[in-house]
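Visitor: Provided herewith: run-v7.pdb, PDB, C-alpha atoms and all ligand atoms.
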ATOM      1  CA  MET A 173     -45.108 -22.640  35.064
ATOM      2  CA  LYS A 174     -43.726 -24.613  32.137
ATOM      3  CA  THR A 175     -43.479 -21.488  29.955
ATOM      4  CA  THR A 176     -41.595 -19.614  32.695
ATOM      5  CA  VAL A 177     -38.992 -22.375  32.891
ATOM      6  CA  LEU A 178     -38.740 -22.430  29.113
ATOM      7  CA  LYS A 179     -38.383 -18.637  29.012
ATOM      8  CA  THR A 180     -35.621 -18.739  31.634
ATOM      9  CA  ILE A 181     -33.715 -21.422  29.730
ATOM     10  CA  LEU A 182     -34.117 -19.443  26.531
ATOM     11  CA  SER A 183     -32.891 -16.167  28.008
ATOM     12  CA  VAL A 184     -29.891 -17.864  29.636
ATOM     13  CA  ALA A 185     -29.071 -19.398  26.246
ATOM     14  CA  ILE A 186     -29.421 -16.053  24.458
ATOM     15  CA  ILE A 187     -27.244 -14.256  27.006
ATOM     16  CA  GLY A 188     -24.697 -17.070  26.648
ATOM     17  CA  VAL A 189     -24.543 -16.653  22.888
ATOM     18  CA  MET A 190     -24.261 -12.866  23.244
ATOM     19  CA  VAL A 191     -21.391 -13.050  25.746
ATOM     20  CA  PHE A 192     -19.630 -15.594  23.588
ATOM     21  CA  SER A 193     -19.890 -13.530  20.418
ATOM     22  CA  LEU A 194     -18.903 -10.323  22.216
ATOM     23  CA  SER A 195     -15.737 -11.900  23.545
ATOM     24  CA  ALA A 196     -14.986 -13.243  20.071
ATOM     25  CA  CYS A 197     -15.101  -9.693  18.637
ATOM     26  CA  GLY A 198     -12.683  -8.301  21.223
ATOM     27  CA  LYS A 199      -9.157  -7.187  20.566
ATOM     28  CA  LYS A 200      -7.644 -10.298  22.074
ATOM     29  CA  ASP A 201      -6.606 -13.257  20.043
ATOM     30  CA  ASN A 202      -8.997 -16.060  21.022
ATOM     31  CA  ASN A 203      -6.533 -18.896  21.298
ATOM     32  CA  THR A 204      -3.782 -17.174  23.202
ATOM     33  CA  ASN A 205      -5.741 -14.310  24.754
ATOM     34  CA  GLN A 206      -2.926 -11.994  23.560
ATOM     35  CA  SER A 207      -3.326  -8.668  21.789
ATOM     36  CA  HIS A 208      -1.834  -8.417  18.308
ATOM     37  CA  LEU A 209       0.948  -6.216  19.692
ATOM     38  CA  ASP A 210       1.810  -8.805  22.367
ATOM     39  CA  LYS A 211       1.788 -11.520  19.725
ATOM     40  CA  VAL A 212       4.268  -9.636  17.533
ATOM     41  CA  LYS A 213       6.493  -8.936  20.524
ATOM     42  CA  SER A 214       6.482 -12.504  21.781
ATOM     43  CA  SER A 215       7.095 -13.960  18.325
ATOM     44  CA  GLY A 216      10.050 -11.595  17.913
ATOM     45  CA  THR A 217       9.090 -10.917  14.272
ATOM     46  CA  LEU A 218       7.050  -8.223  12.572
ATOM     47  CA  VAL A 219       5.781  -9.526   9.219
ATOM     48  CA  LEU A 220       5.319  -6.792   6.615
ATOM     49  CA  GLY A 221       3.252  -7.297   3.469
ATOM     50  CA  THR A 222       4.178  -5.155   0.458
ATOM     51  CA  SER A 223       4.172  -5.040  -3.337
ATOM     52  CA  ALA A 224       7.829  -4.445  -4.192
ATOM     53  CA  ASP A 225       7.300  -2.878  -7.614
ATOM     54  CA  TYR A 226       7.088   0.737  -6.469
ATOM     55  CA  PRO A 227      10.450   2.540  -6.288
ATOM     56  CA  PRO A 228      11.359   4.514  -4.174
ATOM     57  CA  TYR A 229       8.656   3.163  -1.783
ATOM     58  CA  GLU A 230       9.646  -0.520  -2.180
ATOM     59  CA  PHE A 231      11.609  -2.352  -4.856
ATOM     60  CA  HIS A 232      13.984  -5.226  -5.510
ATOM     61  CA  LYS A 233      17.675  -4.425  -5.505
ATOM     62  CA  ASN A 234      20.718  -6.615  -5.815
ATOM     63  CA  ILE A 235      22.766  -5.900  -2.703
ATOM     64  CA  ASP A 236      26.048  -7.786  -2.299
ATOM     65  CA  GLY A 237      24.866 -10.362  -4.816
ATOM     66  CA  LYS A 238      21.576 -10.898  -2.992
ATOM     67  CA  ASP A 239      18.095  -9.921  -4.179
ATOM     68  CA  THR A 240      16.807  -7.624  -1.435
ATOM     69  CA  ILE A 241      13.604  -5.630  -0.967
ATOM     70  CA  VAL A 242      14.469  -2.024  -0.084
ATOM     71  CA  GLY A 243      12.783   1.387  -0.159
ATOM     72  CA  PHE A 244      11.647   4.155   2.155
ATOM     73  CA  ASP A 245       8.575   2.162   3.246
ATOM     74  CA  ILE A 246      10.872  -0.698   4.239
ATOM     75  CA  ALA A 247      13.211   1.700   6.072
ATOM     76  CA  ILE A 248      10.220   3.050   8.042
ATOM     77  CA  ALA A 249       9.069  -0.510   8.793
ATOM     78  CA  GLU A 250      12.594  -1.280  10.087
ATOM     79  CA  GLU A 251      12.254   1.656  12.500
ATOM     80  CA  ILE A 252       8.881   0.344  13.706
ATOM     81  CA  ALA A 253      10.384  -3.110  14.254
ATOM     82  CA  LYS A 254      13.327  -1.534  16.102
ATOM     83  CA  ASP A 255      10.987   0.405  18.416
ATOM     84  CA  LEU A 256       9.082  -2.828  19.138
ATOM     85  CA  GLY A 257      12.327  -4.723  19.744
ATOM     86  CA  VAL A 258      11.630  -7.298  17.000
ATOM     87  CA  THR A 259      13.039  -8.275  13.583
ATOM     88  CA  LEU A 260      11.338  -7.303  10.336
ATOM     89  CA  GLU A 261      10.343  -9.937   7.785
ATOM     90  CA  VAL A 262       9.140  -8.738   4.348
ATOM     91  CA  LYS A 263       6.637 -10.638   2.180
ATOM     92  CA  ASP A 264       6.225  -9.542  -1.449
ATOM     93  CA  MET A 265       2.830 -10.021  -3.128
ATOM     94  CA  ASP A 266       0.439  -8.404  -5.608
ATOM     95  CA  PHE A 267      -0.978  -5.095  -4.396
ATOM     96  CA  ASP A 268      -4.585  -6.295  -4.652
ATOM     97  CA  GLY A 269      -3.904  -9.221  -2.274
ATOM     98  CA  LEU A 270      -2.410  -7.163   0.560
ATOM     99  CA  LEU A 271      -5.499  -6.400   2.642
ATOM    100  CA  ALA A 272      -6.657 -10.019   2.392
ATOM    101  CA  ALA A 273      -3.233 -11.163   3.654
ATOM    102  CA  LEU A 274      -3.708  -8.821   6.602
ATOM    103  CA  ASN A 275      -7.095 -10.287   7.427
ATOM    104  CA  THR A 276      -5.975 -13.919   7.206
ATOM    105  CA  GLY A 277      -3.081 -13.107   9.557
ATOM    106  CA  ASN A 278      -0.505 -13.913   6.874
ATOM    107  CA  VAL A 279       1.106 -10.514   7.561
ATOM    108  CA  ASP A 280       1.011  -8.204  10.622
ATOM    109  CA  MET A 281       1.017  -4.926   8.731
ATOM    110  CA  VAL A 282       0.923  -3.563   5.185
ATOM    111  CA  MET A 283       3.074  -0.769   3.793
ATOM    112  CA  ALA A 284       2.852  -0.280   0.051
ATOM    113  CA  GLY A 285       2.394   3.432  -0.549
ATOM    114  CA  MET A 286      -1.217   2.616   0.251
ATOM    115  CA  SER A 287      -3.738   5.446   0.504
ATOM    116  CA  PRO A 288      -6.621   4.959   2.911
ATOM    117  CA  ASP A 289     -10.173   5.369   1.590
ATOM    118  CA  ASP A 290     -13.667   4.423   2.800
ATOM    119  CA  THR A 291     -13.667   0.976   1.162
ATOM    120  CA  ARG A 292     -10.266   0.098   2.583
ATOM    121  CA  ARG A 293     -11.147   1.493   6.015
ATOM    122  CA  LYS A 294     -13.906  -1.134   6.200
ATOM    123  CA  LYS A 295     -11.273  -3.858   5.922
ATOM    124  CA  ALA A 296      -8.381  -2.378   7.876
ATOM    125  CA  ASP A 297      -7.205   0.198  10.413
ATOM    126  CA  PHE A 298      -4.883   2.901   9.063
ATOM    127  CA  SER A 299      -2.052   4.813  10.745
ATOM    128  CA  ASN A 300      -1.529   8.547  10.339
ATOM    129  CA  ILE A 301      -0.410   9.621   6.852
ATOM    130  CA  TYR A 302       3.392   9.404   6.611
ATOM    131  CA  TYR A 303       3.946  10.602   3.018
ATOM    132  CA  ASN A 304       2.052  12.603   0.390
ATOM    133  CA  ALA A 305       2.420  12.297  -3.366
ATOM    134  CA  LEU A 306       0.530  13.343  -6.498
ATOM    135  CA  GLN A 307      -0.194  11.192  -9.543
ATOM    136  CA  ASP A 308       1.564  11.087 -12.916
ATOM    137  CA  ILE A 309       1.161   9.376 -16.267
ATOM    138  CA  ILE A 310       4.113   7.640 -17.961
ATOM    139  CA  ILE A 311       4.157   7.417 -21.788
ATOM    140  CA  ARG A 312       6.707   6.332 -24.429
ATOM    141  CA  THR A 313       9.117   9.180 -25.237
ATOM    142  CA  GLU A 314       8.354   8.762 -28.958
ATOM    143  CA  ASP A 315       4.665   9.590 -28.238
ATOM    144  CA  LYS A 316       5.509  12.844 -26.448
ATOM    145  CA  ASP A 317       3.756  15.012 -29.062
ATOM    146  CA  THR A 318       0.705  12.738 -29.304
ATOM    147  CA  PHE A 319      -0.621  13.473 -25.815
ATOM    148  CA  ASN A 320      -1.385  17.166 -25.316
ATOM    149  CA  SER A 321      -4.670  16.896 -23.440
ATOM    150  CA  LEU A 322      -6.526  14.138 -21.570
ATOM    151  CA  GLU A 323      -8.811  13.691 -24.639
ATOM    152  CA  ASP A 324      -5.780  12.423 -26.551
ATOM    153  CA  PHE A 325      -5.997   9.293 -24.402
ATOM    154  CA  ASN A 326      -9.433   8.454 -25.890
ATOM    155  CA  GLY A 327      -9.346   5.034 -27.525
ATOM    156  CA  LYS A 328      -5.873   4.344 -26.056
ATOM    157  CA  LYS A 329      -4.882   1.582 -23.651
ATOM    158  CA  ILE A 330      -4.100   2.736 -20.125
ATOM    159  CA  GLY A 331      -2.209   0.444 -17.751
ATOM    160  CA  VAL A 332      -2.969   0.541 -14.012
ATOM    161  CA  GLN A 333      -2.192  -1.629 -11.017
ATOM    162  CA  LYS A 334      -5.115  -3.862 -10.086
ATOM    163  CA  GLY A 335      -6.938  -2.710  -6.957
ATOM    164  CA  SER A 336      -5.096   0.625  -6.831
ATOM    165  CA  LEU A 337      -6.375   4.153  -6.437
ATOM    166  CA  GLN A 338      -4.966   4.813  -9.926
ATOM    167  CA  GLU A 339      -7.248   2.114 -11.374
ATOM    168  CA  LYS A 340     -10.222   3.915  -9.867
ATOM    169  CA  MET A 341      -9.038   7.309 -11.106
ATOM    170  CA  ALA A 342      -8.429   6.054 -14.655
ATOM    171  CA  ASN A 343     -11.888   4.448 -14.727
ATOM    172  CA  ASN A 344     -13.454   7.715 -13.538
ATOM    173  CA  GLN A 345     -11.532  10.161 -15.681
ATOM    174  CA  LEU A 346     -10.547   8.274 -18.835
ATOM    175  CA  LYS A 347     -13.956   6.856 -19.719
ATOM    176  CA  SER A 348     -13.176   6.574 -23.443
ATOM    177  CA  SER A 349      -9.915   4.716 -22.896
ATOM    178  CA  GLU A 350      -9.405   0.995 -22.454
ATOM    179  CA  ILE A 351      -8.205   0.419 -18.888
ATOM    180  CA  LYS A 352      -5.963  -2.598 -18.365
ATOM    181  CA  GLY A 353      -5.225  -3.741 -14.792
ATOM    182  CA  LEU A 354      -2.203  -5.899 -13.910
ATOM    183  CA  GLY A 355      -0.858  -7.186 -10.581
ATOM    184  CA  LYS A 356       2.625  -5.641 -10.756
ATOM    185  CA  VAL A 357       3.832  -2.220 -11.924
ATOM    186  CA  THR A 358       7.005  -3.877 -13.274
ATOM    187  CA  ASP A 359       4.781  -5.779 -15.746
ATOM    188  CA  LEU A 360       2.969  -2.565 -16.701
ATOM    189  CA  VAL A 361       6.332  -1.001 -17.576
ATOM    190  CA  LEU A 362       7.118  -3.968 -19.858
ATOM    191  CA  GLU A 363       3.705  -3.616 -21.513
ATOM    192  CA  LEU A 364       4.428   0.066 -22.199
ATOM    193  CA  LYS A 365       7.810  -0.811 -23.741
ATOM    194  CA  ASN A 366       6.194  -3.501 -25.897
ATOM    195  CA  ASN A 367       3.366  -1.244 -27.137
ATOM    196  CA  LYS A 368       0.718  -3.308 -25.317
ATOM    197  CA  VAL A 369      -0.431  -0.223 -23.390
ATOM    198  CA  ASP A 370       0.061   3.457 -24.290
ATOM    199  CA  ALA A 371       0.296   4.962 -20.815
ATOM    200  CA  ILE A 372       0.594   3.978 -17.136
ATOM    201  CA  VAL A 373      -0.849   5.851 -14.138
ATOM    202  CA  VAL A 374       1.269   5.751 -10.962
ATOM    203  CA  GLU A 375       2.351   8.045  -8.115
ATOM    204  CA  LYS A 376       4.780  10.822  -9.131
ATOM    205  CA  PRO A 377       7.896   9.562  -7.277
ATOM    206  CA  VAL A 378       7.374   6.127  -8.843
ATOM    207  CA  ALA A 379       6.909   7.601 -12.334
ATOM    208  CA  LYS A 380      10.107   9.601 -11.883
ATOM    209  CA  ALA A 381      11.996   6.532 -10.684
ATOM    210  CA  TYR A 382      10.987   4.513 -13.761
ATOM    211  CA  ILE A 383      11.682   7.239 -16.322
ATOM    212  CA  LYS A 384      15.126   7.841 -14.821
ATOM    213  CA  ARG A 385      15.999   4.236 -15.516
ATOM    214  CA  ASN A 386      14.306   4.076 -18.948
ATOM    215  CA  SER A 387      15.079   6.851 -21.436
ATOM    216  CA  ASP A 388      12.403   5.459 -23.796
ATOM    217  CA  MET A 389       9.755   6.640 -21.300
ATOM    218  CA  THR A 390       8.734  10.096 -20.155
ATOM    219  CA  LEU A 391       6.050  11.947 -18.149
ATOM    220  CA  SER A 392       2.897  12.991 -19.962
ATOM    221  CA  VAL A 393       2.085  16.709 -19.835
ATOM    222  CA  PRO A 394      -1.686  16.166 -19.282
ATOM    223  CA  LYS A 395      -2.362  14.765 -15.831
ATOM    224  CA  LEU A 396      -5.333  13.271 -13.989
ATOM    225  CA  GLU A 397      -7.218  15.289 -11.369
ATOM    226  CA  GLU A 398      -6.248  14.171  -7.874
ATOM    227  CA  GLU A 399      -8.965  12.096  -6.165
ATOM    228  CA  GLY A 400      -9.618  10.734  -2.689
ATOM    229  CA  GLU A 401      -7.695  11.203   0.522
ATOM    230  CA  GLY A 402      -4.253  10.715  -1.050
ATOM    231  CA  GLY A 403      -1.170  10.181   1.083
ATOM    232  CA  SER A 404       0.264   6.888   2.267
ATOM    233  CA  ALA A 405      -0.582   5.158   5.531
ATOM    234  CA  ILE A 406       0.186   1.828   7.188
ATOM    235  CA  ALA A 407      -2.635  -0.729   7.263
ATOM    236  CA  LEU A 408      -3.252  -3.028  10.220
ATOM    237  CA  SER A 409      -6.036  -5.504  10.850
ATOM    238  CA  LYS A 410      -9.218  -4.045  12.373
ATOM    239  CA  ASP A 411      -9.252  -3.137  16.069
ATOM    240  CA  SER A 412      -5.499  -2.940  16.366
ATOM    241  CA  GLY A 413      -5.694  -0.519  19.307
ATOM    242  CA  GLU A 414      -2.341  -0.278  21.075
ATOM    243  CA  PHE A 415      -0.514  -1.741  18.045
ATOM    244  CA  LEU A 416      -1.740   1.207  15.959
ATOM    245  CA  GLU A 417      -0.832   3.657  18.730
ATOM    246  CA  SER A 418       2.709   2.385  18.956
ATOM    247  CA  ILE A 419       3.123   2.590  15.163
ATOM    248  CA  ASN A 420       1.866   6.188  15.152
ATOM    249  CA  LYS A 421       4.412   6.974  17.863
ATOM    250  CA  THR A 422       7.252   5.753  15.648
ATOM    251  CA  LEU A 423       5.842   7.716  12.688
ATOM    252  CA  ASP A 424       5.665  10.863  14.861
ATOM    253  CA  ARG A 425       9.293  10.443  15.855
ATOM    254  CA  LEU A 426      10.403   9.951  12.222
ATOM    255  CA  THR A 427       8.339  12.897  10.954
ATOM    256  CA  LYS A 428       9.511  15.235  13.711
ATOM    257  CA  ASP A 429      13.166  14.580  12.938
ATOM    258  CA  ASN A 430      12.648  14.733   9.126
ATOM    259  CA  ILE A 431      13.893  11.168   8.890
ATOM    260  CA  ILE A 432      11.203  10.114   6.380
ATOM    261  CA  GLU A 433      12.349  12.858   3.965
ATOM    262  CA  ASP A 434      15.936  11.635   4.360
ATOM    263  CA  PHE A 435      14.814   8.070   3.584
ATOM    264  CA  VAL A 436      13.016   9.260   0.418
ATOM    265  CA  VAL A 437      16.197  10.981  -0.812
ATOM    266  CA  LYS A 438      18.355   7.990   0.124
ATOM    267  CA  TYR A 439      16.205   5.425  -1.708
ATOM    268  CA  ASN A 440      15.797   7.675  -4.747
ATOM    269  CA  GLN A 441      19.593   7.661  -4.987
ATOM    270  CA  LEU A 442      19.809   3.913  -4.453
ATOM    271  CA  ILE A 443      17.567   3.282  -7.474
ATOM    272  CA  GLU A 444      20.240   4.752  -9.713
ATOM    273  CA  GLU A 445      23.279   3.058  -8.196
TER
HETATM  274  N1  LIG A 501      -1.290   4.743  -3.761
HETATM  275  C1  LIG A 501      -1.995   3.810  -4.588
HETATM  276  C2  LIG A 501      -3.078   3.120  -3.800
HETATM  277  O1  LIG A 501      -3.124   3.234  -2.620
HETATM  278  C3  LIG A 501      -1.101   2.797  -5.254
HETATM  279  C4  LIG A 501      -0.127   2.098  -4.382
HETATM  280  C5  LIG A 501       0.594   0.986  -5.091
HETATM  281  N2  LIG A 501       1.616   0.439  -4.275
HETATM  282  C6  LIG A 501       2.530  -0.483  -4.637
HETATM  283  N3  LIG A 501       3.431  -0.842  -3.782
HETATM  284  N4  LIG A 501       2.486  -1.041  -5.801
HETATM  285  O2  LIG A 501      -3.913   2.456  -4.343
END
Just dump the structure as C-alpha cells.
Guide:
Amino acid sequence: MKTTVLKTILSVAIIGVMVFSLSACGKKDNNTNQSHLDKVKSSGTLVLGTSADYPPYEFHKNIDGKDTIVGFDIAIAEEIAKDLGVTLEVKDMDFDGLLAALNTGNVDMVMAGMSPDDTRRKKADFSNIYYNALQDIIIRTEDKDTFNSLEDFNGKKIGVQKGSLQEKMANNQLKSSEIKGLGKVTDLVLELKNNKVDAIVVEKPVAKAYIKRNSDMTLSVPKLEEEGEGGSAIALSKDSGEFLESINKTLDRLTKDNIIEDFVVKYNQLIEE
C-alpha cells in the first residue's frame, strides 16, 4: 500500500517536471508568453547585430557629419524591418561575439556576411542564402612577385578574423604559415600595412573594397580552395519558427526583384564616395 502511494507521488512529480521542462523549451518567451516575432513587433524595434568592418556588406561611413553603419546587409535588414512594421537598430561588435549576443537576447538577428555551417547551426537558425561570394587573399602590392603559389605563404604570417570561416580555411590549408586571428578586419588591414602580417584572407567583395581604397594592397594570385557551404545567411536564435519564415519571405521578394544585386552595386559605389 505504502509503496503504491509513494509510486503515485513519484510519477506525478516526474510528469510535473517533464511538463515544466517541455513548456520551457517551447517557442514562446516564458515571461510574456510571446513568440520572438510578436516581441519584436510589440517593441517596435528590430535589433541587428553585425561586425561593421566588412565593406560592402557592412561598414562605417560618415554621412552628413555622422558616423553611420551602412552596407548591403544593412539595406536588407532595413527591408526586413519595413516588412515587419518596426524600426531597425544596429549594434556593432566583434564577429566572434555575434552568435553569443543572439543567444543572450542582446540582438534579435545577426547579419554579417555570415555563412552557415554545422557548428553554427547548433547555436542558431539560419535563413535562406541571400548572397554568394568566393574568398580572396590580400597582400602588400610590393610583395606581388613574392607570392606565386600557396607554398610561398609557408613561414609567413596570415591575418584572419577570429571565429570566421576564413580562420578555419587558413588553418586547414596554410599549415606551415603562422595564423593570426583578430576581432576586426579593419585592424587586420592596419597590421598588413605595418608589416605585422603578410596576407589577409577575406571574402572577394571585401578584398576588392579594401584594395580599391588602398593602392599599397593588392589581390594575391594564388587563392585558397573554397570550403564549406559558403554564401551568406541571416542568423536567428534557435526555434525562431514564424520569425524565420517572415524573414525568408522578405528575402524572396528582394531576390525575385534583383534588389539585393542593386544594393551590392550601390554600396560598392558608396565605399568610394
Ligand atoms: N563569411 C565569413 C564567415 O561566415 C566571414 C564573415 C565576416 N563578417 C564580418 N562582418 N566581418 O565566417
Visitor: Determine, using all atoms listed in the file, which residues of chain A have any atom at most 10 Å from an atom of ligand LIG 501 (chain A), and tabulate each with its shortest atom pair and distance in Å to one decimal place, rows ordered by chain and then rising number, as a tab-separated table.
Guide:
residue	atom	partner	partner_atom	distance
A:Gly221	CA	A:LIG501	N3	9.7
A:Thr222	CA	A:LIG501	N3	6.1
A:Ser223	CA	A:LIG501	N3	4.3
A:Ala224	CA	A:LIG501	N3	5.7
A:Asp225	CA	A:LIG501	N4	5.5
A:Tyr226	CA	A:LIG501	N3	4.8
A:Pro227	CA	A:LIG501	N3	8.2
A:Pro228	CA	A:LIG501	N3	9.6
A:Tyr229	CA	A:LIG501	N3	6.9
A:Glu230	CA	A:LIG501	N3	6.4
A:Phe231	CA	A:LIG501	N3	8.4
A:Asp245	CA	A:LIG501	N3	9.2
A:Asp264	CA	A:LIG501	N3	9.4
A:Met265	CA	A:LIG501	N3	9.2
A:Asp266	CA	A:LIG501	N4	7.6
A:Phe267	CA	A:LIG501	N4	5.5
A:Asp268	CA	A:LIG501	O2	8.8
A:Leu270	CA	A:LIG501	N3	9.6
A:Val282	CA	A:LIG501	N3	9.7
A:Met283	CA	A:LIG501	N3	7.6
A:Ala284	CA	A:LIG501	N3	3.9
A:Gly285	CA	A:LIG501	C4	4.8
A:Met286	CA	A:LIG501	O1	3.5
A:Ser287	CA	A:LIG501	O1	3.9
A:Pro288	CA	A:LIG501	O1	6.8
A:Asp289	CA	A:LIG501	O1	8.5
A:Arg292	CA	A:LIG501	O1	9.4
A:Asn304	CA	A:LIG501	N1	9.5
A:Ala305	CA	A:LIG501	N1	8.4
A:Leu306	CA	A:LIG501	N1	9.2
A:Gln307	CA	A:LIG501	N1	8.7
A:Val332	CA	A:LIG501	C3	9.2
A:Gln333	CA	A:LIG501	N4	7.0
A:Lys334	CA	A:LIG501	O2	8.6
A:Gly335	CA	A:LIG501	O2	6.5
A:Ser336	CA	A:LIG501	O2	3.3
A:Leu337	CA	A:LIG501	O2	3.7
A:Gln338	CA	A:LIG501	O2	6.2
A:Glu339	CA	A:LIG501	O2	7.8
A:Lys340	CA	A:LIG501	O2	8.5
A:Met341	CA	A:LIG501	O2	9.8
A:Gly355	CA	A:LIG501	N4	8.5
A:Lys356	CA	A:LIG501	N4	6.8
A:Val357	CA	A:LIG501	N4	6.4
A:Thr358	CA	A:LIG501	N4	9.2
A:Val373	CA	A:LIG501	C3	9.4
A:Val374	CA	A:LIG501	C3	6.9
A:Glu375	CA	A:LIG501	N1	6.6
A:Val378	CA	A:LIG501	N4	9.2
A:Gly400	CA	A:LIG501	O1	9.9
A:Glu401	CA	A:LIG501	O1	9.7
A:Gly402	CA	A:LIG501	N1	7.2
A:Gly403	CA	A:LIG501	N1	7.3
A:Ser404	CA	A:LIG501	N1	6.6
A:Ala405	CA	A:LIG501	O1	8.8
Visitor: Write to file, as a compact mmCIF listing (two decimals), keeping the file's coordinate frame, the residues of the selection just made, with C-alpha atoms.
Guide:
# COMPACT_ATOMS: atom_id res chain seq x y z
CA GLY A 221 3.25 -7.30 3.47
CA THR A 222 4.18 -5.16 0.46
CA SER A 223 4.17 -5.04 -3.34
CA ALA A 224 7.83 -4.44 -4.19
CA ASP A 225 7.30 -2.88 -7.61
CA TYR A 226 7.09 0.74 -6.47
CA PRO A 227 10.45 2.54 -6.29
CA PRO A 228 11.36 4.51 -4.17
CA TYR A 229 8.66 3.16 -1.78
CA GLU A 230 9.65 -0.52 -2.18
CA PHE A 231 11.61 -2.35 -4.86
CA ASP A 245 8.57 2.16 3.25
CA ASP A 264 6.22 -9.54 -1.45
CA MET A 265 2.83 -10.02 -3.13
CA ASP A 266 0.44 -8.40 -5.61
CA PHE A 267 -0.98 -5.10 -4.40
CA ASP A 268 -4.58 -6.30 -4.65
CA LEU A 270 -2.41 -7.16 0.56
CA VAL A 282 0.92 -3.56 5.18
CA MET A 283 3.07 -0.77 3.79
CA ALA A 284 2.85 -0.28 0.05
CA GLY A 285 2.39 3.43 -0.55
CA MET A 286 -1.22 2.62 0.25
CA SER A 287 -3.74 5.45 0.50
CA PRO A 288 -6.62 4.96 2.91
CA ASP A 289 -10.17 5.37 1.59
CA ARG A 292 -10.27 0.10 2.58
CA ASN A 304 2.05 12.60 0.39
CA ALA A 305 2.42 12.30 -3.37
CA LEU A 306 0.53 13.34 -6.50
CA GLN A 307 -0.19 11.19 -9.54
CA VAL A 332 -2.97 0.54 -14.01
CA GLN A 333 -2.19 -1.63 -11.02
CA LYS A 334 -5.12 -3.86 -10.09
CA GLY A 335 -6.94 -2.71 -6.96
CA SER A 336 -5.10 0.62 -6.83
CA LEU A 337 -6.38 4.15 -6.44
CA GLN A 338 -4.97 4.81 -9.93
CA GLU A 339 -7.25 2.11 -11.37
CA LYS A 340 -10.22 3.92 -9.87
CA MET A 341 -9.04 7.31 -11.11
CA GLY A 355 -0.86 -7.19 -10.58
CA LYS A 356 2.62 -5.64 -10.76
CA VAL A 357 3.83 -2.22 -11.92
CA THR A 358 7.00 -3.88 -13.27
CA VAL A 373 -0.85 5.85 -14.14
CA VAL A 374 1.27 5.75 -10.96
CA GLU A 375 2.35 8.04 -8.12
CA VAL A 378 7.37 6.13 -8.84
CA GLY A 400 -9.62 10.73 -2.69
CA GLU A 401 -7.70 11.20 0.52
CA GLY A 402 -4.25 10.72 -1.05
CA GLY A 403 -1.17 10.18 1.08
CA SER A 404 0.26 6.89 2.27
CA ALA A 405 -0.58 5.16 5.53
Visitor: Using only C-alpha atoms, which of the listed residues (A:Glu323, A:Val219, A:Asn367, A:Leu362) sits closest to A:Ser349?
Guide: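 Comparing A:Glu323, A:Val219, A:Asn367, A:Leu362 against A:Ser349, the winner is A:Glu323.
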Visitor: Can you list, as an mmCIF file with C-alpha atoms, in the frame of the given file, every protein, DNA or RNA residue that comes within 9 Å of A:Pro394 when you count all atoms listed in the file, leaving out same-chain residues fewer than 2 positions away?
Guide:
data_model
loop_
_atom_site.group_PDB
_atom_site.id
_atom_site.type_symbol
_atom_site.label_atom_id
_atom_site.label_comp_id
_atom_site.auth_asym_id
_atom_site.auth_seq_id
_atom_site.Cartn_x
_atom_site.Cartn_y
_atom_site.Cartn_z
ATOM 1 C CA ASP A 308 1.564 11.087 -12.916
ATOM 2 C CA ILE A 309 1.161 9.376 -16.267
ATOM 3 C CA PHE A 319 -0.621 13.473 -25.815
ATOM 4 C CA ASN A 320 -1.385 17.166 -25.316
ATOM 5 C CA SER A 321 -4.670 16.896 -23.440
ATOM 6 C CA LEU A 322 -6.526 14.138 -21.570
ATOM 7 C CA LEU A 391 6.050 11.947 -18.149
ATOM 8 C CA SER A 392 2.897 12.991 -19.962
ATOM 9 C CA LEU A 396 -5.333 13.271 -13.989
#
Visitor: Convert the output of the PyMOL selection byres (((chain A and resi 438) around 12) and not hetatm) on the shown file into explicit residues, formatted as a PyMOL selection string.
Guide: chain A and resi 227-229+242-245+247+431-437+439-445
Visitor: Using only C-alpha atoms, find the one residue out of A:Arg312, A:Lys254, A:Lys233, A:Lys238 that sits nearest to A:Lys365.
Guide: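 Of A:Arg312, A:Lys254, A:Lys233, A:Lys238, the one nearest A:Lys365, counting only C-alpha atoms, is A:Arg312.
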Visitor: If I take atom CA of A:Val279 and atom CA of A:Gln206, how far is one from the other in Å, to one decimal?
Guide: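 These atoms are spaced 16.6 Å apart.
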Visitor: Could you check the closest approach to A:Phe298 for each of A:Gly353, A:Gly331, A:Gly216, A:Gly413 and tell me which residue wins, using all atoms listed in the file?
Guide: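 Nearest candidate to A:Phe298 out of A:Gly353, A:Gly331, A:Gly216, A:Gly413: A:Gly413.
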Visitor: From (-5.9, -0.3, -24.3), in the file's coordinates, out to 7 Å: which residues are reached, counting only C-alpha atoms? Answer as a JSON list (two decimals) with C-alpha atoms, in the coordinates of the input.
Guide:
[["chain", "number", "residue", "atom", "x", "y", "z"],
["A", 328, "LYS", "CA", -5.87, 4.34, -26.06],
["A", 329, "LYS", "CA", -4.88, 1.58, -23.65],
["A", 330, "ILE", "CA", -4.10, 2.74, -20.12],
["A", 349, "SER", "CA", -9.91, 4.72, -22.90],
["A", 350, "GLU", "CA", -9.40, 1.00, -22.45],
["A", 351, "ILE", "CA", -8.20, 0.42, -18.89],
["A", 352, "LYS", "CA", -5.96, -2.60, -18.36],
["A", 369, "VAL", "CA", -0.43, -0.22, -23.39]]
Visitor: For the atom pair atom CA of A:Asp315 and atom CA of A:Leu354, what is the interatomic distance in Å to one decimal place?
Guide: 22.2 Å
Visitor: Evaluating the PyMOL selection byres (((chain A and resi 253) around 10) and not hetatm) on the displayed file yields which residues, as a ChimeraX atom specification?
Guide: /A:212-213,216-220,247-252,254-261,419,422
Visitor: When you count all atoms listed in the file, which of these residues is closest to A:Leu416: A:Asp210, A:Ser299, A:Asp236, A:Met281?
Guide: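 Ranking A:Asp210, A:Ser299, A:Asp236, A:Met281 by distance to A:Leu416, first place goes to A:Ser299.
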Visitor: Using only C-alpha atoms, give me every residue within 10 Å of (12.9, 5.2, -22.4) in file coordinates, as an MDAnalysis selection string.
Guide: chainID A and resid 311:314 364:365 382:390
Visitor: Rounded to one decimal, what separation in Å do you get between atom CA of A:Ser215 and atom CA of A:Thr427?
Guide: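 Distance between the two atoms: 27.9 Å.
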